[in-house]
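Have a look at data04.txt; it's compact mmCIF, C-alpha atoms:
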```txt
# COMPACT_ATOMS: atom_id res chain seq x y z
CA MET A 1 0.00 0.00 0.00
CA SER A 2 1.15 3.47 -0.76
CA LEU A 3 3.04 5.40 1.90
CA LEU A 4 0.74 8.39 1.57
CA LEU A 5 -2.30 6.20 2.10
CA ASP A 6 -0.73 4.78 5.25
CA TYR A 7 0.05 8.27 6.47
CA VAL A 8 -3.52 9.48 5.97
CA ASN A 9 -4.94 6.41 7.67
CA GLN A 10 -2.72 7.01 10.67
CA GLN A 11 -3.87 10.61 10.86
CA LEU A 12 -7.56 9.83 10.52
CA ASN A 13 -7.98 6.71 12.57
CA PRO A 14 -6.27 6.97 15.92
CA THR A 15 -5.72 3.42 17.10
CA VAL A 16 -8.49 2.59 19.51
CA GLN A 17 -7.24 0.44 22.32
CA HIS A 18 -9.33 -2.71 22.28
CA PRO A 19 -8.18 -6.02 23.73
CA SER A 20 -6.90 -8.40 21.08
CA PHE A 21 -9.36 -11.02 19.94
CA ARG A 22 -9.80 -13.21 16.90
CA ALA A 23 -12.33 -15.45 15.22
CA GLY A 24 -13.65 -18.06 17.63
CA ASP A 25 -13.51 -15.83 20.68
CA THR A 26 -16.60 -14.93 22.67
CA VAL A 27 -16.89 -11.19 23.19
CA THR A 28 -19.30 -8.70 24.73
CA VAL A 29 -19.59 -5.45 22.81
CA HIS A 30 -20.79 -2.47 24.81
CA TYR A 31 -22.50 -0.37 22.19
CA LYS A 32 -23.82 3.15 22.74
CA ILE A 33 -27.35 3.69 21.51
CA LYS A 34 -28.93 7.12 21.18
CA GLU A 35 -32.62 7.43 21.95
CA GLY A 36 -33.68 11.00 21.39
CA ASP A 37 -31.17 12.94 23.41
CA LYS A 38 -30.58 10.12 25.89
CA GLU A 39 -27.76 7.69 25.52
CA ARG A 40 -27.64 4.17 26.89
CA ILE A 41 -25.33 1.23 26.51
CA GLN A 42 -26.46 -2.04 25.02
CA GLN A 43 -24.48 -5.21 25.47
CA TYR A 44 -24.19 -7.68 22.66
CA GLN A 45 -22.53 -10.99 23.39
CA GLY A 46 -21.62 -13.66 20.87
CA ILE A 47 -18.91 -15.48 18.97
CA VAL A 48 -16.63 -13.55 16.63
CA ILE A 49 -16.95 -15.33 13.29
CA MET A 50 -14.73 -13.06 11.24
CA ARG A 51 -12.45 -10.08 11.34
CA GLN A 52 -11.87 -7.86 8.35
CA ASN A 53 -8.70 -5.84 8.54
CA HIS A 54 -8.53 -2.83 6.32
CA PRO A 55 -7.03 0.25 7.97
CA ALA A 56 -10.07 2.43 7.30
CA THR A 57 -12.90 -0.07 7.40
CA ALA A 58 -11.70 -2.73 9.85
CA SER A 59 -14.68 -4.61 11.22
CA PHE A 60 -15.67 -7.80 12.98
CA THR A 61 -18.80 -9.91 12.87
CA VAL A 62 -20.38 -11.28 16.03
CA ARG A 63 -22.87 -14.13 15.83
CA LYS A 64 -25.25 -15.17 18.55
CA ILE A 65 -28.44 -17.20 18.89
CA SER A 66 -31.28 -15.01 20.06
CA ASN A 67 -34.64 -16.70 20.74
CA ALA A 68 -33.56 -19.66 18.58
CA VAL A 69 -32.81 -17.31 15.67
CA GLY A 70 -29.25 -16.75 14.56
CA VAL A 71 -28.26 -13.07 14.64
CA GLU A 72 -25.11 -11.61 13.13
CA ARG A 73 -23.96 -8.09 13.70
CA ILE A 74 -21.06 -6.31 12.04
CA PHE A 75 -19.18 -3.74 14.11
CA PRO A 76 -16.60 -1.34 12.68
CA VAL A 77 -13.54 -1.56 14.95
CA ASN A 78 -13.01 2.21 14.93
CA SER A 79 -16.66 3.04 15.58
CA PRO A 80 -17.03 5.79 18.19
CA PHE A 81 -20.20 4.05 19.41
CA ILE A 82 -18.26 1.11 20.82
CA GLU A 83 -17.78 1.90 24.49
CA LYS A 84 -15.64 -1.18 25.09
CA ILE A 85 -15.11 -4.74 24.00
CA GLU A 86 -14.87 -7.46 26.63
CA VAL A 87 -13.26 -10.75 25.70
CA ASN A 88 -15.08 -13.46 27.63
CA LYS A 89 -13.51 -16.60 26.18
CA HIS A 90 -10.77 -17.53 23.76
CA GLY A 91 -11.76 -20.34 21.43
CA ILE A 92 -9.74 -22.98 19.61
CA VAL A 93 -10.57 -22.80 15.92
CA ARG A 94 -8.67 -23.81 12.81
CA ARG A 95 -9.80 -21.14 10.40
CA ALA A 96 -10.17 -17.37 10.26
CA LYS A 97 -13.74 -17.22 8.97
CA LEU A 98 -16.21 -19.39 10.86
CA PHE A 99 -19.06 -19.38 8.37
CA TYR A 100 -19.61 -23.09 9.00
CA LEU A 101 -21.28 -22.11 12.28
CA ARG A 102 -24.25 -20.80 10.29
CA GLU A 103 -25.28 -24.30 9.34
CA ARG A 104 -24.92 -25.66 12.84
CA THR A 105 -27.06 -25.41 15.93
CA GLY A 106 -26.91 -26.70 19.46
CA LYS A 107 -24.08 -28.96 20.50
CA SER A 108 -22.30 -28.98 17.14
CA ALA A 109 -22.11 -25.18 17.13
CA ARG A 110 -19.89 -25.11 20.20
CA ILE A 111 -16.26 -24.02 20.13
CA ARG A 112 -13.61 -25.50 22.38
CA GLU A 113 -12.23 -23.03 24.87
CA LYS A 114 -8.58 -22.16 25.03
CA ILE A 115 -7.38 -21.94 28.61
CA ILE A 116 -4.68 -19.33 28.87
CA LYS A 117 -2.50 -19.75 31.92
CA ASN A 118 -1.90 -16.57 33.81
CA THR A 119 1.87 -16.47 34.07
CA LYS A 120 1.94 -13.71 36.64
CA ALA A 121 -0.11 -15.44 39.30
CA MET B 18 -11.64 29.92 -10.93
CA SER B 19 -8.55 29.07 -8.95
CA GLY B 20 -7.35 25.54 -9.19
CA ILE B 21 -4.60 22.99 -8.74
CA ILE B 22 -3.49 19.73 -10.33
CA GLY B 23 -3.53 16.55 -8.26
CA LYS B 24 -3.00 12.83 -8.42
CA LYS B 25 -5.33 10.21 -7.01
CA VAL B 26 -3.75 8.20 -4.20
CA GLY B 27 -6.65 6.00 -3.16
CA MET B 28 -9.66 5.95 -0.91
CA THR B 29 -10.15 5.71 2.81
CA GLY B 30 -12.61 6.89 5.42
CA PHE B 31 -13.07 7.82 9.03
CA PHE B 32 -15.75 8.42 11.61
CA GLY B 33 -16.80 12.05 11.79
CA ALA B 34 -17.84 14.08 14.81
CA ASN B 35 -21.43 12.80 14.85
CA GLY B 36 -20.32 9.18 14.55
CA LYS B 37 -21.11 8.97 10.84
CA TYR B 38 -18.63 7.26 8.57
CA ILE B 39 -17.22 9.62 5.93
CA PRO B 40 -15.74 7.91 2.87
CA CYS B 41 -13.05 10.03 1.24
CA THR B 42 -10.68 10.15 -1.68
CA ILE B 43 -7.06 11.05 -1.03
CA ILE B 44 -5.57 13.41 -3.59
CA GLU B 45 -1.93 14.43 -3.63
CA ALA B 46 -2.36 17.97 -4.91
CA GLY B 47 0.49 20.24 -5.85
CA PRO B 48 2.78 21.95 -5.27
CA CYS B 49 2.17 23.35 -8.75
CA VAL B 50 4.46 25.84 -10.47
CA VAL B 51 3.21 28.59 -12.76
CA THR B 52 5.10 27.82 -15.97
CA GLN B 53 3.41 30.28 -18.30
CA VAL B 54 1.22 33.35 -18.00
CA LYS B 55 -0.91 33.86 -21.09
CA THR B 56 -2.04 37.42 -21.75
CA LYS B 57 -4.68 39.00 -23.91
CA GLU B 58 -2.09 40.97 -25.87
CA LYS B 59 0.18 38.07 -26.66
CA ASP B 60 -2.02 35.00 -26.75
CA GLY B 61 -5.49 36.41 -27.29
CA TYR B 62 -6.82 35.18 -23.95
CA GLU B 63 -5.81 35.18 -20.32
CA ALA B 64 -4.78 31.99 -18.56
CA LEU B 65 -2.27 30.50 -16.16
CA GLN B 66 -0.42 27.34 -17.02
CA LEU B 67 0.37 25.22 -13.96
CA SER B 68 2.70 22.23 -13.98
CA PHE B 69 2.83 19.37 -11.54
CA ASP B 70 4.70 16.14 -10.75
CA GLU B 71 8.46 15.69 -11.11
CA LYS B 72 9.89 14.22 -14.27
CA LYS B 73 13.42 13.04 -14.96
CA GLU B 74 15.54 15.39 -17.00
CA LYS B 75 16.63 12.60 -19.37
CA HIS B 76 13.00 11.98 -20.29
CA THR B 77 12.40 15.61 -21.15
CA SER B 78 12.83 17.02 -24.63
CA ALA B 79 15.09 20.02 -25.13
CA ALA B 80 12.12 22.21 -26.01
CA MET B 81 10.31 21.35 -22.80
CA LYS B 82 13.50 21.80 -20.77
CA GLY B 83 13.69 25.35 -22.06
CA HIS B 84 10.06 25.93 -21.21
CA PHE B 85 10.56 24.86 -17.60
CA GLN B 86 13.82 26.75 -17.35
CA LYS B 87 11.95 29.98 -18.08
CA ALA B 88 10.00 29.39 -14.89
CA SER B 89 13.30 28.36 -13.21
CA THR B 90 11.89 24.99 -12.15
CA THR B 91 12.56 21.30 -12.76
CA PRO B 92 10.78 19.38 -15.55
CA LYS B 93 7.19 18.39 -14.79
CA ARG B 94 4.87 15.73 -16.15
CA LYS B 95 1.51 17.42 -16.32
CA ALA B 96 0.61 20.93 -17.43
CA VAL B 97 -2.91 22.36 -17.29
CA GLU B 98 -4.24 25.79 -18.17
CA PHE B 99 -6.56 27.62 -15.79
CA ARG B 100 -8.61 30.56 -16.97
CA HIS B 101 -9.97 33.28 -14.70
CA PHE B 102 -7.56 32.57 -11.86
CA GLU B 103 -8.69 34.62 -8.89
CA GLU B 104 -5.30 35.97 -7.84
CA SER B 105 -2.76 37.29 -10.29
CA LYS B 106 0.34 35.11 -10.36
CA ASN B 107 3.75 35.50 -11.90
CA ILE B 108 5.78 32.91 -13.72
CA GLY B 109 7.62 30.69 -11.25
CA ASP B 110 5.11 31.13 -8.41
CA VAL B 111 4.20 28.00 -6.44
CA ILE B 112 0.62 27.06 -5.62
CA THR B 113 -0.01 24.60 -2.80
CA VAL B 114 -3.01 22.86 -1.26
CA GLU B 115 -3.36 25.78 1.12
CA LEU B 116 -5.44 27.32 -1.67
CA PHE B 117 -8.26 25.19 -0.26
CA ALA B 118 -9.72 25.07 3.21
CA GLU B 119 -11.76 22.52 5.09
CA GLY B 120 -15.43 22.74 4.15
CA ASP B 121 -14.85 24.27 0.71
CA PHE B 122 -16.96 22.99 -2.15
CA VAL B 123 -14.91 22.30 -5.26
CA GLU B 124 -15.16 20.88 -8.76
CA ILE B 125 -13.00 17.93 -9.70
CA SER B 126 -12.45 16.57 -13.16
CA GLY B 127 -10.60 13.41 -14.06
CA THR B 128 -10.52 10.72 -16.72
CA SER B 129 -12.75 7.79 -15.82
CA LYS B 130 -11.47 4.22 -15.92
CA GLY B 131 -11.74 2.62 -19.36
CA LYS B 132 -14.24 -0.23 -19.49
CA GLY B 133 -13.60 -1.38 -23.07
CA PHE B 134 -16.39 -2.39 -25.46
CA GLN B 135 -19.56 -2.72 -23.41
CA GLY B 136 -23.14 -3.64 -24.17
CA VAL B 137 -26.16 -1.40 -23.70
CA VAL B 138 -27.06 -2.78 -20.27
CA LYS B 139 -23.81 -1.64 -18.68
CA ARG B 140 -23.16 1.35 -20.94
CA HIS B 141 -26.59 2.99 -21.01
CA GLY B 142 -28.44 1.31 -18.17
CA PHE B 143 -30.91 -0.64 -20.35
CA SER B 144 -32.73 -3.05 -18.10
CA GLY B 145 -32.21 -6.29 -20.01
CA VAL B 146 -34.65 -9.17 -19.71
CA GLY B 147 -35.22 -11.53 -16.82
CA HIS B 148 -32.56 -13.11 -14.66
CA ALA B 149 -30.49 -16.23 -14.84
CA ASN B 150 -33.70 -18.20 -15.45
CA LYS B 151 -34.12 -16.53 -18.88
CA SER B 152 -37.75 -15.67 -18.25
CA HIS B 153 -40.31 -14.32 -20.74
CA GLY B 154 -39.21 -16.68 -23.48
CA GLN B 155 -35.64 -15.44 -23.70
CA HIS B 156 -33.20 -18.02 -24.86
CA ASP B 157 -29.93 -16.16 -25.41
CA ARG B 158 -30.91 -12.47 -25.74
CA GLU B 159 -31.11 -11.28 -22.13
CA ARG B 160 -28.91 -8.23 -22.69
CA ALA B 161 -29.89 -7.27 -26.26
CA PRO B 162 -30.99 -3.65 -26.94
CA GLY B 163 -34.25 -4.60 -28.72
CA SER B 164 -35.73 -2.54 -31.53
CA LEU B 165 -33.73 0.38 -32.94
CA GLY B 166 -36.76 2.17 -34.39
CA ALA B 167 -39.74 1.99 -36.72
CA SER B 168 -40.00 0.33 -40.17
CA SER B 169 -40.18 1.73 -43.75
CA ASP B 170 -40.99 5.14 -42.31
CA PRO B 171 -38.32 6.47 -41.55
CA SER B 172 -36.27 3.60 -43.07
CA ARG B 173 -33.25 4.61 -41.04
CA VAL B 174 -31.91 4.64 -37.51
CA PHE B 175 -31.99 8.03 -35.88
CA PRO B 176 -28.62 9.51 -34.98
CA GLY B 177 -27.72 9.32 -31.32
CA MET B 178 -29.43 5.94 -30.81
CA ARG B 179 -27.83 4.40 -27.74
CA MET B 180 -25.90 1.29 -28.71
CA ALA B 181 -23.01 -0.83 -27.53
CA GLY B 182 -19.52 0.58 -27.80
CA ARG B 183 -16.49 1.89 -25.99
CA MET B 184 -17.21 2.91 -22.42
CA GLY B 185 -15.15 4.86 -19.93
CA GLY B 186 -12.00 6.86 -20.50
CA ASP B 187 -14.09 10.04 -20.67
CA LYS B 188 -13.46 13.31 -18.92
CA VAL B 189 -15.80 13.39 -15.95
CA LYS B 190 -16.36 16.44 -13.79
CA ILE B 191 -17.96 16.26 -10.37
CA GLN B 192 -19.34 19.53 -9.05
CA ASN B 193 -20.02 20.67 -5.51
CA ILE B 194 -17.89 18.09 -3.75
CA GLU B 195 -16.71 18.84 -0.25
CA VAL B 196 -13.14 19.17 0.98
CA VAL B 197 -13.03 17.20 4.22
CA LYS B 198 -9.44 17.86 5.26
CA VAL B 199 -6.32 19.61 4.06
CA MET B 200 -2.92 18.29 5.09
CA PRO B 201 -0.37 20.85 3.87
CA GLU B 202 2.58 18.94 5.39
CA LYS B 203 2.15 16.16 2.79
CA ASN B 204 0.26 18.16 0.11
CA ILE B 205 -2.85 16.07 0.66
CA LEU B 206 -6.48 16.92 0.05
CA LEU B 207 -9.25 14.70 1.38
CA ILE B 208 -12.41 14.85 -0.69
CA LYS B 209 -15.74 13.48 0.48
CA GLY B 210 -16.86 10.60 -1.71
CA SER B 211 -15.40 9.31 -4.95
CA VAL B 212 -13.64 10.97 -7.85
CA ALA B 213 -13.41 9.70 -11.44
CA GLY B 214 -10.21 7.94 -12.46
CA ALA B 215 -7.79 5.23 -11.45
CA LYS B 216 -5.20 5.44 -8.70
CA GLY B 217 -2.27 7.50 -9.91
CA SER B 218 -4.29 9.37 -12.53
CA TYR B 219 -4.31 13.14 -12.71
CA VAL B 220 -7.26 15.21 -11.59
CA VAL B 221 -7.92 18.93 -11.77
CA ILE B 222 -9.42 20.56 -8.69
CA GLU B 223 -11.10 23.94 -9.10
CA LYS B 224 -12.62 26.27 -6.59
```
Go ahead and render the structure in this file as structure tokens.
Amino acid sequence: MSLLLDYVNQQLNPTVQHPSFRAGDTVTVHYKIKEGDKERIQQYQGIVIMRQNHPATASFTVRKISNAVGVERIFPVNSPFIEKIEVNKHGIVRRAKLFYLRERTGKSARIREKIIKNTKA
Amino acid sequence: MSGIIGKKVGMTGFFGANGKYIPCTIIEAGPCVVTQVKTKEKDGYEALQLSFDEKKEKHTSAAMKGHFQKASTTPKRKAVEFRHFEESKNIGDVITVELFAEGDFVEISGTSKGKGFQGVVKRHGFSGVGHANKSHGQHDRERAPGSLGASSDPSRVFPGMRMAGRMGGDKVKIQNIEVVKVMPEKNILLIKGSVAGAKGSYVVIEK
């Protein structure tokens, strides 16, 4: 990519500090919602099924099952409406895009959890 | 109209103050050098010739070298004439992106990407017939233009009938397009939305 393009992207999109997560992880996104002039925070929890990394349009897709209906929501990483992202679980997956989860329900739609040992404790 | 020559770098975007995503085109604009001042007495009309983008001396003809030497500058790739420039400039003056400010509305013209020989559906927006299922009795004519006109009266096709042909590669001007940001340290203009042309192609920005 061109150096000038990189420069502009750095100027425009200050790196938002979110914890690192990848496809297969379970996250809770705290999303600001405006109702009239009031603002409240909605939590959306689910499995990250993909990340799309382009400097200007980086986004991630979170899938969850809501009332037995699969729901997918795409969040731009740099969105000012994201209050914070909580990583609840790290999953063990073998690919970057988990579209196969769309055809699965129940037990087969589970993802094994990666236990990360806390080295400090 | 004051103006400047630029080069398309690419597109990007960012979230604006109200949380809305603003797509923008990055244009490397200027610095442009005034290489000729045309006057009514000498040339019959008034105009400023600006030149932009460095060029190697070995790729420059002797005639052009002399032309740039008159403005005491290095050889440039692109020269464009601007008529009715708002300020009076002298030969050798440099024009930078600081000509523009955030929130200005400008006109940008560029050469659109060539699409080659295209049919009427893509070139003129004819609707075509049906979908992949070839509905309404179509066998292999889903994208045909249909009738070109009436029969023995007038016995000819009217001029200007829209047909298949070369598409793209035209000069396209977009008016009233907003300048989102000016970055004078890198000679960059950010324009809201898209601009005709490929990456690396020249565009003319006028205010």
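Near chain A, counting all atoms listed in the file at 6 Å, the chain B residues are B:Thr29, B:Gly30, B:Gly36.
For A:Gly106, the non-local neighbours within 12 Å, defined as residues at least 6 positions apart in the same chain or in other chains and counting only C-alpha atoms, are Lys64, Ile65, Ala68, Val69 and Gly70 of chain A.
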- request: Excluding B:Thr42 and any residue of its chain fewer than 6 positions from it, enumerate the residues within 7 Å of it, using only C-alpha atoms, and give them as a ChimeraX atom specification.
  value: /B:27-29,207-212
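Pairwise distance (atom CA of B:Cys49, atom CA of B:Phe31) equals 28.1 Å.
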task: Go through A:Ile82, A:Ile74, A:Met50, A:Val87 one by one, measure the shortest atom-to-atom distance of each to A:Val27 using all atoms listed in the file, and give the residue with the smallest value.
output: A:Val87
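Between atom CA of B:Gly145 and atom CA of B:Ala161 there is a distance of 6.7 Å.
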Taking (-18.1, 19.8, -4.9) as a centre in this file's frame and 8 Å as the limit, can you find every polymer residue with an atom that close, using all atoms listed in the file, and give them as a PDB file with C-alpha atoms, keeping the file's coordinate frame?
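Final file, out00.pdb:
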```pdb
ATOM      1  CA  ASP B 121     -14.850  24.270   0.710  1.00  0.00           C
ATOM      2  CA  PHE B 122     -16.960  22.990  -2.150  1.00  0.00           C
ATOM      3  CA  VAL B 123     -14.910  22.300  -5.260  1.00  0.00           C
ATOM      4  CA  GLU B 124     -15.160  20.880  -8.760  1.00  0.00           C
ATOM      5  CA  ILE B 125     -13.000  17.930  -9.700  1.00  0.00           C
ATOM      6  CA  ILE B 191     -17.960  16.260 -10.370  1.00  0.00           C
ATOM      7  CA  GLN B 192     -19.340  19.530  -9.050  1.00  0.00           C
ATOM      8  CA  ASN B 193     -20.020  20.670  -5.510  1.00  0.00           C
ATOM      9  CA  ILE B 194     -17.890  18.090  -3.750  1.00  0.00           C
ATOM     10  CA  GLU B 195     -16.710  18.840  -0.250  1.00  0.00           C
ATOM     11  CA  VAL B 196     -13.140  19.170   0.980  1.00  0.00           C
TER      12      VAL B 196
END
```
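With distances taken from (-12.7, -22.7, 23.3) and restricted to only C-alpha atoms, the residues inside 10 Å are A:Gly24, A:Asp25, A:Thr26, A:Lys89, A:His90, A:Gly91, A:Ile92, A:Val93, A:Arg110, A:Ile111, A:Arg112, A:Glu113, A:Lys114, A:Ile115.
Rounded to one decimal, atom CA of B:Gly61 and atom CA of B:Ile22 lie 23.9 Å from each other.
Distance annotation: of B:Ser164, B:Gln135, B:Thr128, B:Gln155, the residue with the minimal separation from B:Lys190 is B:Thr128; atom set is all atoms listed in the file.
With all atoms listed in the file as the basis for measurement, B:Val51 is the residue among B:Ile21, B:Val51, B:Leu65, B:Leu206 that approaches B:Thr90 most closely.
Closest approach to B:Val138 from the set B:Ala181, B:Val174, B:Val26, B:Val97 is made by B:Ala181, with distances taken over all atoms listed in the file.
Closest approach to A:Gln52 among A:Ile85, A:Leu101, A:Ala96, A:Ile33 is made by A:Ala96 (distances from only C-alpha atoms).
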message: Set the distance at 12 Å and use only C-alpha atoms: which residues neighbour stretch 74-76 of chain B once local chain neighbours fewer than 4 positions away are removed? I'd like the list as an MDAnalysis selection string.
response: chainID B and resid 80:83 85:86 90:94
task: Return the single residue from B:Phe175, B:Phe117, B:Phe134, B:Phe69 that is closest to B:Val199, with distances computed using only C-alpha atoms.
output: B:Phe117
message: At a cut-off of 12 Å, using all atoms listed in the file, what residues contact B:Met184? Leave out same-chain residues fewer than 4 positions from it and give the result as a PyMOL selection string.
response: chain B and resi 128-141+179-180+188
message: So that I can see what lies close to B:Gln53, please list as a ChimeraX atom specification the residues with an atom at most 10 Å from it, counting only C-alpha atoms and leaving out residues fewer than 3 positions away in the same chain.
response: /B:50,56,64-68,84-85,87-88,96,98,106-109
